[in-house]
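Asks: One structure is given below, represented as structure tokens, and several questions about it will come after.
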Amino acid sequence: MKSQRFVFCHTVTLFSYLSPMFSSPLLLSLTLFLSLPLLLFLSPNLLLSPPDADDLALFRRAAAPHTTSHLSSTPKVAFLFLTNTNLTFFPLWESFFSPSHTHLFNIYIHAHPPILPPGGPFPRSRFIPSKPTSRASPSLIAAARRLIAAALLHDPLNLYFVLLSQHCIPLHSLPFVHNYLFKNPTFPHRSFIEILSEDPNLHARYLARPPMLPEVPFSSFRVGSQFFTLTRRHARLVVRDLRLWNKFRLPCLTPEPCYPEEHYFPTLLSMEDPNGSTGFTLTRVNWTGSWDGHPHTYTAPEISPELIHRLRRSNSSYVYLFARKFAPECLQPLMDMADDVIFRD
């Protein structure tokens, strides 16, 4: 990966340096064309290597049509946990996933490095085959796609797919979440994913990527929170996609991160089904005082019933169902008010 970024960055730098020396666009184009064999020789896997074969096989199986003969049963929400540490808030989620509500949900965990299954609603069987992930890299996209594929294959009753991290907490009870998703007349059968086209950093991030044309012109490039809630139709659209994934899986051209995990899903859904999403996420994030791309992290002294009620509210007609980012020390004060505040809707 580092050698690929080195070749790309130095090739782009060279072309930027040479371009003023050519008075004719034809000469510059010819130079670029003649340089292509050298680029491929120095980094043969940069453009030509397919995604991992096991991932491709998984996505093909998940994208295939599946029987829906039992869809007269209660539909379920698939909760997709993407983590690289222990599930700090497991006790809170264990209370959320009450045994009396098992007909409403399924759980899937992508954990790398591997963690010890905490038990309860998070048994070993709910952990899917996982691979290393790192922030601001395509590995987070690949991990989310694996989770979606596993949930699609496991249960045809999974009709909504909620991506969460180890830093997320619920803001409501599970029955409230289920009713909101399946019985909300305002947003019937639509995905809840943030899709923004006016972000001030959008153009810089677009230029920081390998060439996106012709598949993704800048006018189609979008940004949004990496935490979403997708319909089954959109989940299948994600695992079927290769055209955009082959663009977004390439590393950034510059040392400044281009955060592909914040662009791939909003761009794909905006291009393929612009009217099928609400344009907003159901996971509340506080960007006040953010640093290095990280949102505000709540600490134990900040936890109160007033905070939970404030996090639930939005400026529109919807409510937030989840929130992040919480420090591990928040667990005990959250548990102290779970029954009386968080799960009392």
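Ligands are numbered from 1 in the order shown, chains are lettered A, B, ... in the order of the structure tokens, and residues start at 1 in each chain.
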Write out as a list in words which residues come within 6 Å of stretch 184-195 of chain A when counting only C-alpha atoms, dropping same-chain ones fewer than 4 positions away.

Replies: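 Neighbouring residues, sequence-local ones excluded: Tyr180, Val223, Gly224, Ser225, Phe228, Thr229, Leu230, Thr231, Pro266, Gly276, Ser277, Thr278, Gly279, Phe280 and Thr281 of chain A.
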
Asks: Neighbouring residues of A:Tyr259 were defined as those with any atom within 12 Å, considering only C-alpha atoms; residues of the same chain fewer than 5 positions away were excluded. Please report them as an MDAnalysis selection string.

Replies: chainID A and resid 134:141 201:202 204:206 208:209 222:226 248:254 264:265 292:294

Asks: Tell me which protein, DNA and RNA residues are within 12 Å of A:Ser173, counting only C-alpha atoms, leaving out same-chain ones fewer than 6 positions away, and put them as a PyMOL selection string.

Replies: chain A and resi 92-98+101+104+179-180+321-322+338-345

Asks: Please, which residues of stretch 147-246 of chain A, numbered as in this document, come out alpha helix (DSSP H) from DSSP, as an mmCIF file with all heavy atoms, in the first residue's frame?

Replies:
data_model
loop_
_atom_site.group_PDB
_atom_site.id
_atom_site.type_symbol
_atom_site.label_atom_id
_atom_site.label_comp_id
_atom_site.auth_asym_id
_atom_site.auth_seq_id
_atom_site.Cartn_x
_atom_site.Cartn_y
_atom_site.Cartn_z
ATOM 1 N N LEU A 147 -20.031 -7.011 6.724
ATOM 2 C CA LEU A 147 -21.126 -7.099 7.692
ATOM 3 C C LEU A 147 -22.483 -7.134 6.990
ATOM 4 O O LEU A 147 -23.359 -7.936 7.326
ATOM 5 C CB LEU A 147 -21.063 -5.906 8.650
ATOM 6 C CG LEU A 147 -20.027 -5.983 9.764
ATOM 7 C CD1 LEU A 147 -19.810 -4.609 10.389
ATOM 8 C CD2 LEU A 147 -20.468 -6.985 10.831
ATOM 9 N N ILE A 148 -22.655 -6.253 6.021
ATOM 10 C CA ILE A 148 -23.919 -6.212 5.277
ATOM 11 C C ILE A 148 -24.156 -7.537 4.561
ATOM 12 O O ILE A 148 -25.271 -8.087 4.596
ATOM 13 C CB ILE A 148 -23.905 -5.041 4.274
ATOM 14 C CG1 ILE A 148 -23.927 -3.704 5.017
ATOM 15 C CG2 ILE A 148 -25.086 -5.125 3.311
ATOM 16 C CD1 ILE A 148 -23.678 -2.498 4.127
ATOM 17 N N ALA A 149 -23.120 -8.069 3.914
ATOM 18 C CA ALA A 149 -23.260 -9.331 3.185
ATOM 19 C C ALA A 149 -23.628 -10.470 4.130
ATOM 20 O O ALA A 149 -24.500 -11.295 3.818
ATOM 21 C CB ALA A 149 -21.963 -9.645 2.442
ATOM 22 N N ALA A 150 -22.973 -10.532 5.281
ATOM 23 C CA ALA A 150 -23.269 -11.595 6.246
ATOM 24 C C ALA A 150 -24.714 -11.520 6.723
ATOM 25 O O ALA A 150 -25.399 -12.545 6.850
ATOM 26 C CB ALA A 150 -22.308 -11.506 7.433
ATOM 27 N N ALA A 151 -25.195 -10.309 6.961
ATOM 28 C CA ALA A 151 -26.574 -10.139 7.431
ATOM 29 C C ALA A 151 -27.587 -10.477 6.343
ATOM 30 O O ALA A 151 -28.650 -11.042 6.618
ATOM 31 C CB ALA A 151 -26.778 -8.711 7.920
ATOM 32 N N LEU A 152 -27.289 -10.129 5.102
ATOM 33 C CA LEU A 152 -28.167 -10.473 3.989
ATOM 34 C C LEU A 152 -28.305 -11.983 3.850
ATOM 35 O O LEU A 152 -29.407 -12.512 3.626
ATOM 36 C CB LEU A 152 -27.628 -9.882 2.685
ATOM 37 C CG LEU A 152 -27.838 -8.394 2.439
ATOM 38 C CD1 LEU A 152 -26.999 -7.916 1.257
ATOM 39 C CD2 LEU A 152 -29.321 -8.094 2.177
ATOM 40 N N LEU A 153 -27.191 -12.684 3.967
ATOM 41 C CA LEU A 153 -27.190 -14.133 3.770
ATOM 42 C C LEU A 153 -27.829 -14.878 4.944
ATOM 43 O O LEU A 153 -28.452 -15.928 4.752
ATOM 44 C CB LEU A 153 -25.763 -14.633 3.574
ATOM 45 C CG LEU A 153 -25.106 -14.300 2.237
ATOM 46 C CD1 LEU A 153 -23.609 -14.587 2.284
ATOM 47 C CD2 LEU A 153 -25.762 -15.092 1.112
ATOM 48 N N HIS A 154 -27.682 -14.328 6.132
ATOM 49 C CA HIS A 154 -28.094 -15.060 7.328
ATOM 50 C C HIS A 154 -29.600 -15.137 7.504
ATOM 51 O O HIS A 154 -30.133 -16.173 7.903
ATOM 52 C CB HIS A 154 -27.470 -14.417 8.573
ATOM 53 C CG HIS A 154 -27.932 -15.008 9.860
ATOM 54 N ND1 HIS A 154 -28.698 -14.319 10.775
ATOM 55 C CD2 HIS A 154 -27.772 -16.252 10.385
ATOM 56 C CE1 HIS A 154 -28.966 -15.085 11.806
ATOM 57 N NE2 HIS A 154 -28.413 -16.256 11.602
ATOM 58 N N LEU A 174 -35.298 -0.924 22.272
ATOM 59 C CA LEU A 174 -35.357 -1.651 21.013
ATOM 60 C C LEU A 174 -36.750 -1.600 20.382
ATOM 61 O O LEU A 174 -36.860 -1.375 19.166
ATOM 62 C CB LEU A 174 -34.909 -3.095 21.222
ATOM 63 C CG LEU A 174 -34.978 -3.999 19.991
ATOM 64 C CD1 LEU A 174 -34.187 -3.454 18.819
ATOM 65 C CD2 LEU A 174 -34.480 -5.412 20.339
ATOM 66 N N PRO A 175 -37.849 -1.801 21.140
ATOM 67 C CA PRO A 175 -39.173 -1.681 20.499
ATOM 68 C C PRO A 175 -39.402 -0.318 19.859
ATOM 69 O O PRO A 175 -40.013 -0.225 18.789
ATOM 70 C CB PRO A 175 -40.149 -1.933 21.658
ATOM 71 C CG PRO A 175 -39.386 -2.791 22.605
ATOM 72 C CD PRO A 175 -37.967 -2.291 22.531
ATOM 73 N N PHE A 176 -38.912 0.755 20.497
ATOM 74 C CA PHE A 176 -39.068 2.084 19.916
ATOM 75 C C PHE A 176 -38.317 2.159 18.589
ATOM 76 O O PHE A 176 -38.839 2.674 17.592
ATOM 77 C CB PHE A 176 -38.553 3.144 20.883
ATOM 78 C CG PHE A 176 -38.703 4.554 20.373
ATOM 79 C CD1 PHE A 176 -39.802 5.321 20.726
ATOM 80 C CD2 PHE A 176 -37.755 5.123 19.514
ATOM 81 C CE1 PHE A 176 -39.961 6.617 20.243
ATOM 82 C CE2 PHE A 176 -37.905 6.417 19.032
ATOM 83 C CZ PHE A 176 -39.007 7.163 19.396
ATOM 84 N N VAL A 177 -37.076 1.665 18.567
ATOM 85 C CA VAL A 177 -36.270 1.687 17.342
ATOM 86 C C VAL A 177 -36.962 0.904 16.242
ATOM 87 O O VAL A 177 -37.071 1.361 15.093
ATOM 88 C CB VAL A 177 -34.869 1.117 17.618
ATOM 89 C CG1 VAL A 177 -34.103 0.914 16.310
ATOM 90 C CG2 VAL A 177 -34.081 2.040 18.556
ATOM 91 N N HIS A 178 -37.456 -0.281 16.570
ATOM 92 C CA HIS A 178 -38.112 -1.136 15.576
ATOM 93 C C HIS A 178 -39.362 -0.458 15.028
ATOM 94 O O HIS A 178 -39.591 -0.420 13.804
ATOM 95 C CB HIS A 178 -38.461 -2.481 16.222
ATOM 96 C CG HIS A 178 -38.906 -3.517 15.252
ATOM 97 N ND1 HIS A 178 -40.221 -3.627 14.830
ATOM 98 C CD2 HIS A 178 -38.226 -4.507 14.609
ATOM 99 C CE1 HIS A 178 -40.324 -4.636 13.984
ATOM 100 N NE2 HIS A 178 -39.135 -5.186 13.824
ATOM 101 N N ASN A 179 -40.186 0.087 15.902
ATOM 102 C CA ASN A 179 -41.404 0.767 15.449
ATOM 103 C C ASN A 179 -41.088 1.995 14.605
ATOM 104 O O ASN A 179 -41.778 2.276 13.618
ATOM 105 C CB ASN A 179 -42.258 1.171 16.653
ATOM 106 C CG ASN A 179 -42.935 -0.013 17.314
ATOM 107 O OD1 ASN A 179 -43.150 -1.039 16.678
ATOM 108 N ND2 ASN A 179 -43.247 0.117 18.595
ATOM 109 N N TYR A 180 -40.043 2.716 14.984
ATOM 110 C CA TYR A 180 -39.686 3.913 14.240
ATOM 111 C C TYR A 180 -39.291 3.566 12.807
ATOM 112 O O TYR A 180 -39.657 4.260 11.855
ATOM 113 C CB TYR A 180 -38.539 4.644 14.940
ATOM 114 C CG TYR A 180 -38.221 5.983 14.318
ATOM 115 C CD1 TYR A 180 -38.910 7.129 14.693
ATOM 116 C CD2 TYR A 180 -37.237 6.108 13.343
ATOM 117 C CE1 TYR A 180 -38.630 8.364 14.125
ATOM 118 C CE2 TYR A 180 -36.952 7.338 12.760
ATOM 119 C CZ TYR A 180 -37.655 8.457 13.155
ATOM 120 O OH TYR A 180 -37.381 9.675 12.569
ATOM 121 N N LEU A 181 -38.550 2.488 12.640
ATOM 122 C CA LEU A 181 -38.080 2.113 11.317
ATOM 123 C C LEU A 181 -39.192 1.510 10.452
ATOM 124 O O LEU A 181 -39.273 1.800 9.253
ATOM 125 C CB LEU A 181 -36.918 1.110 11.433
ATOM 126 C CG LEU A 181 -35.620 1.668 12.033
ATOM 127 C CD1 LEU A 181 -34.593 0.553 12.178
ATOM 128 C CD2 LEU A 181 -35.059 2.787 11.163
ATOM 129 N N PHE A 182 -40.032 0.686 11.035
ATOM 130 C CA PHE A 182 -40.994 -0.072 10.229
ATOM 131 C C PHE A 182 -42.403 0.520 10.218
ATOM 132 O O PHE A 182 -43.207 0.145 9.367
ATOM 133 C CB PHE A 182 -41.055 -1.524 10.712
ATOM 134 C CG PHE A 182 -39.808 -2.299 10.407
ATOM 135 C CD1 PHE A 182 -38.923 -2.636 11.413
ATOM 136 C CD2 PHE A 182 -39.511 -2.679 9.107
ATOM 137 C CE1 PHE A 182 -37.771 -3.345 11.132
ATOM 138 C CE2 PHE A 182 -38.363 -3.391 8.814
ATOM 139 C CZ PHE A 182 -37.483 -3.726 9.828
ATOM 140 N N LEU A 202 -15.008 19.271 0.453
ATOM 141 C CA LEU A 202 -15.354 18.255 -0.536
ATOM 142 C C LEU A 202 -14.395 18.275 -1.730
ATOM 143 O O LEU A 202 -13.924 17.224 -2.174
ATOM 144 C CB LEU A 202 -16.795 18.466 -0.999
ATOM 145 C CG LEU A 202 -17.480 17.256 -1.660
ATOM 146 C CD1 LEU A 202 -17.559 16.093 -0.697
ATOM 147 C CD2 LEU A 202 -18.881 17.631 -2.131
ATOM 148 N N HIS A 203 -14.105 19.461 -2.256
ATOM 149 C CA HIS A 203 -13.264 19.548 -3.448
ATOM 150 C C HIS A 203 -11.841 19.075 -3.152
ATOM 151 O O HIS A 203 -11.231 18.341 -3.956
ATOM 152 C CB HIS A 203 -13.246 20.975 -3.986
ATOM 153 C CG HIS A 203 -12.626 21.087 -5.345
ATOM 154 N ND1 HIS A 203 -11.373 21.646 -5.545
ATOM 155 C CD2 HIS A 203 -13.055 20.676 -6.570
ATOM 156 C CE1 HIS A 203 -11.081 21.593 -6.837
ATOM 157 N NE2 HIS A 203 -12.080 21.011 -7.478
ATOM 158 N N ALA A 204 -11.310 19.444 -1.993
ATOM 159 C CA ALA A 204 -9.960 19.024 -1.623
ATOM 160 C C ALA A 204 -9.885 17.508 -1.469
ATOM 161 O O ALA A 204 -8.903 16.878 -1.875
ATOM 162 C CB ALA A 204 -9.541 19.710 -0.331
ATOM 163 N N ARG A 205 -10.917 16.918 -0.898
ATOM 164 C CA ARG A 205 -10.924 15.456 -0.741
ATOM 165 C C ARG A 205 -11.053 14.754 -2.090
ATOM 166 O O ARG A 205 -10.488 13.680 -2.294
ATOM 167 C CB ARG A 205 -12.059 15.039 0.189
ATOM 168 C CG ARG A 205 -11.846 15.399 1.642
ATOM 169 C CD ARG A 205 -12.830 14.654 2.513
ATOM 170 N NE ARG A 205 -12.733 15.019 3.916
ATOM 171 C CZ ARG A 205 -13.423 14.425 4.879
ATOM 172 N NH1 ARG A 205 -14.251 13.439 4.567
ATOM 173 N NH2 ARG A 205 -13.296 14.794 6.122
ATOM 174 N N TYR A 206 -11.799 15.351 -2.984
ATOM 175 C CA TYR A 206 -11.939 14.767 -4.325
ATOM 176 C C TYR A 206 -10.590 14.770 -5.040
ATOM 177 O O TYR A 206 -10.208 13.774 -5.669
ATOM 178 C CB TYR A 206 -12.972 15.557 -5.121
ATOM 179 C CG TYR A 206 -13.296 14.979 -6.484
ATOM 180 C CD1 TYR A 206 -14.177 13.909 -6.618
ATOM 181 C CD2 TYR A 206 -12.741 15.517 -7.646
ATOM 182 C CE1 TYR A 206 -14.486 13.380 -7.864
ATOM 183 C CE2 TYR A 206 -13.037 15.010 -8.892
ATOM 184 C CZ TYR A 206 -13.915 13.934 -8.998
ATOM 185 O OH TYR A 206 -14.220 13.419 -10.238
ATOM 186 N N LEU A 207 -9.865 15.867 -4.935
ATOM 187 C CA LEU A 207 -8.555 15.969 -5.586
ATOM 188 C C LEU A 207 -7.513 15.084 -4.902
ATOM 189 O O LEU A 207 -6.512 14.714 -5.517
ATOM 190 C CB LEU A 207 -8.077 17.414 -5.573
ATOM 191 C CG LEU A 207 -8.894 18.401 -6.407
ATOM 192 C CD1 LEU A 207 -8.310 19.814 -6.276
ATOM 193 C CD2 LEU A 207 -8.955 17.979 -7.868
ATOM 194 N N ARG A 232 -33.009 -3.126 2.982
ATOM 195 C CA ARG A 232 -32.464 -4.334 2.364
ATOM 196 C C ARG A 232 -32.163 -4.090 0.883
ATOM 197 O O ARG A 232 -31.172 -4.595 0.360
ATOM 198 C CB ARG A 232 -33.439 -5.501 2.531
ATOM 199 C CG ARG A 232 -32.850 -6.848 2.100
ATOM 200 C CD ARG A 232 -33.778 -8.016 2.375
ATOM 201 N NE ARG A 232 -33.128 -9.271 2.009
ATOM 202 C CZ ARG A 232 -32.392 -10.018 2.809
ATOM 203 N NH1 ARG A 232 -32.211 -9.634 4.067
ATOM 204 N NH2 ARG A 232 -31.835 -11.144 2.388
ATOM 205 N N ARG A 233 -33.000 -3.330 0.230
ATOM 206 C CA ARG A 233 -32.767 -3.028 -1.187
ATOM 207 C C ARG A 233 -31.428 -2.318 -1.375
ATOM 208 O O ARG A 233 -30.651 -2.653 -2.282
ATOM 209 C CB ARG A 233 -33.913 -2.162 -1.715
ATOM 210 C CG ARG A 233 -33.765 -1.705 -3.160
ATOM 211 C CD ARG A 233 -35.085 -1.139 -3.651
ATOM 212 N NE ARG A 233 -35.519 -0.022 -2.838
ATOM 213 C CZ ARG A 233 -35.232 1.255 -3.081
ATOM 214 N NH1 ARG A 233 -34.482 1.558 -4.129
ATOM 215 N NH2 ARG A 233 -35.687 2.216 -2.308
ATOM 216 N N HIS A 234 -31.136 -1.364 -0.526
ATOM 217 C CA HIS A 234 -29.866 -0.648 -0.632
ATOM 218 C C HIS A 234 -28.696 -1.497 -0.145
ATOM 219 O O HIS A 234 -27.570 -1.343 -0.639
ATOM 220 C CB HIS A 234 -29.937 0.660 0.146
ATOM 221 C CG HIS A 234 -30.718 1.711 -0.562
ATOM 222 N ND1 HIS A 234 -31.208 2.842 0.058
ATOM 223 C CD2 HIS A 234 -31.103 1.812 -1.865
ATOM 224 C CE1 HIS A 234 -31.856 3.599 -0.819
ATOM 225 N NE2 HIS A 234 -31.807 2.980 -1.985
ATOM 226 N N ALA A 235 -28.945 -2.379 0.808
ATOM 227 C CA ALA A 235 -27.879 -3.286 1.247
ATOM 228 C C ALA A 235 -27.438 -4.183 0.091
ATOM 229 O O ALA A 235 -26.234 -4.392 -0.121
ATOM 230 C CB ALA A 235 -28.370 -4.136 2.417
ATOM 231 N N ARG A 236 -28.375 -4.677 -0.677
ATOM 232 C CA ARG A 236 -28.021 -5.500 -1.839
ATOM 233 C C ARG A 236 -27.330 -4.655 -2.913
ATOM 234 O O ARG A 236 -26.434 -5.134 -3.611
ATOM 235 C CB ARG A 236 -29.271 -6.176 -2.418
ATOM 236 C CG ARG A 236 -29.859 -7.256 -1.508
ATOM 237 C CD ARG A 236 -30.959 -8.026 -2.196
ATOM 238 N NE ARG A 236 -30.443 -8.712 -3.369
ATOM 239 C CZ ARG A 236 -31.132 -8.898 -4.501
ATOM 240 N NH1 ARG A 236 -32.355 -8.424 -4.610
ATOM 241 N NH2 ARG A 236 -30.593 -9.538 -5.504
ATOM 242 N N LEU A 237 -27.740 -3.417 -3.054
ATOM 243 C CA LEU A 237 -27.082 -2.525 -4.014
ATOM 244 C C LEU A 237 -25.603 -2.361 -3.646
ATOM 245 O O LEU A 237 -24.729 -2.368 -4.516
ATOM 246 C CB LEU A 237 -27.793 -1.173 -4.005
ATOM 247 C CG LEU A 237 -27.396 -0.116 -5.033
ATOM 248 C CD1 LEU A 237 -28.565 0.840 -5.267
ATOM 249 C CD2 LEU A 237 -26.180 0.690 -4.600
ATOM 250 N N VAL A 238 -25.320 -2.240 -2.346
ATOM 251 C CA VAL A 238 -23.944 -2.067 -1.881
ATOM 252 C C VAL A 238 -23.097 -3.288 -2.210
ATOM 253 O O VAL A 238 -21.981 -3.160 -2.730
ATOM 254 C CB VAL A 238 -23.925 -1.781 -0.362
ATOM 255 C CG1 VAL A 238 -22.510 -1.952 0.205
ATOM 256 C CG2 VAL A 238 -24.434 -0.377 -0.066
ATOM 257 N N VAL A 239 -23.583 -4.489 -1.900
ATOM 258 C CA VAL A 239 -22.752 -5.677 -2.124
ATOM 259 C C VAL A 239 -22.648 -6.030 -3.609
ATOM 260 O O VAL A 239 -21.711 -6.731 -4.006
ATOM 261 C CB VAL A 239 -23.274 -6.895 -1.328
ATOM 262 C CG1 VAL A 239 -23.199 -6.617 0.166
ATOM 263 C CG2 VAL A 239 -24.692 -7.274 -1.732
ATOM 264 N N ARG A 240 -23.578 -5.533 -4.433
ATOM 265 C CA ARG A 240 -23.480 -5.766 -5.883
ATOM 266 C C ARG A 240 -22.449 -4.857 -6.540
ATOM 267 O O ARG A 240 -21.919 -5.176 -7.598
ATOM 268 C CB ARG A 240 -24.842 -5.509 -6.558
ATOM 269 C CG ARG A 240 -25.851 -6.605 -6.424
ATOM 270 C CD ARG A 240 -26.935 -6.474 -7.500
ATOM 271 N NE ARG A 240 -27.505 -5.138 -7.552
ATOM 272 C CZ ARG A 240 -28.603 -4.767 -6.904
ATOM 273 N NH1 ARG A 240 -29.232 -5.642 -6.140
ATOM 274 N NH2 ARG A 240 -29.074 -3.539 -7.015
ATOM 275 N N TRP A 245 -16.664 0.784 -6.149
ATOM 276 C CA TRP A 245 -15.740 0.203 -5.183
ATOM 277 C C TRP A 245 -14.326 0.122 -5.756
ATOM 278 O O TRP A 245 -13.342 0.348 -5.049
ATOM 279 C CB TRP A 245 -16.234 -1.146 -4.735
ATOM 280 C CG TRP A 245 -15.276 -1.943 -3.887
ATOM 281 C CD1 TRP A 245 -14.883 -3.228 -4.083
ATOM 282 C CD2 TRP A 245 -14.613 -1.523 -2.683
ATOM 283 N NE1 TRP A 245 -14.012 -3.633 -3.096
ATOM 284 C CE2 TRP A 245 -13.823 -2.597 -2.226
ATOM 285 C CE3 TRP A 245 -14.595 -0.322 -1.966
ATOM 286 C CZ2 TRP A 245 -13.028 -2.524 -1.086
ATOM 287 C CZ3 TRP A 245 -13.796 -0.247 -0.822
ATOM 288 C CH2 TRP A 245 -13.039 -1.338 -0.395
ATOM 289 N N ASN A 246 -14.214 -0.170 -7.042
ATOM 290 C CA ASN A 246 -12.897 -0.237 -7.663
ATOM 291 C C ASN A 246 -12.206 1.119 -7.698
ATOM 292 O O ASN A 246 -10.983 1.198 -7.857
ATOM 293 C CB ASN A 246 -13.007 -0.800 -9.085
ATOM 294 C CG ASN A 246 -13.160 -2.302 -9.085
ATOM 295 O OD1 ASN A 246 -12.721 -2.977 -8.157
ATOM 296 N ND2 ASN A 246 -13.788 -2.839 -10.109
#

Asks: Give me the residues near A:Ile115 as a PyMOL selection string, where near means some atom within 10 Å (using only C-alpha atoms) and where sequence neighbours in that chain fewer than 3 positions away do not count.

Replies: chain A and resi 83-87+110-112+118+124+127

Asks: Pick from A:Pro65, A:Pro156, A:Pro295, A:Pro200: nearest to A:Ala327, with only C-alpha atoms counted?

Replies: A:Pro295

Asks: Would you kindly return, as a PyMOL selection string, each protein, DNA or RNA residue with an atom no farther than 10 Å from any atom of A:Val319, considering only C-alpha atoms and excluding same-chain residues fewer than 3 positions away?

Replies: chain A and resi 171+180+281-284+311-316+322
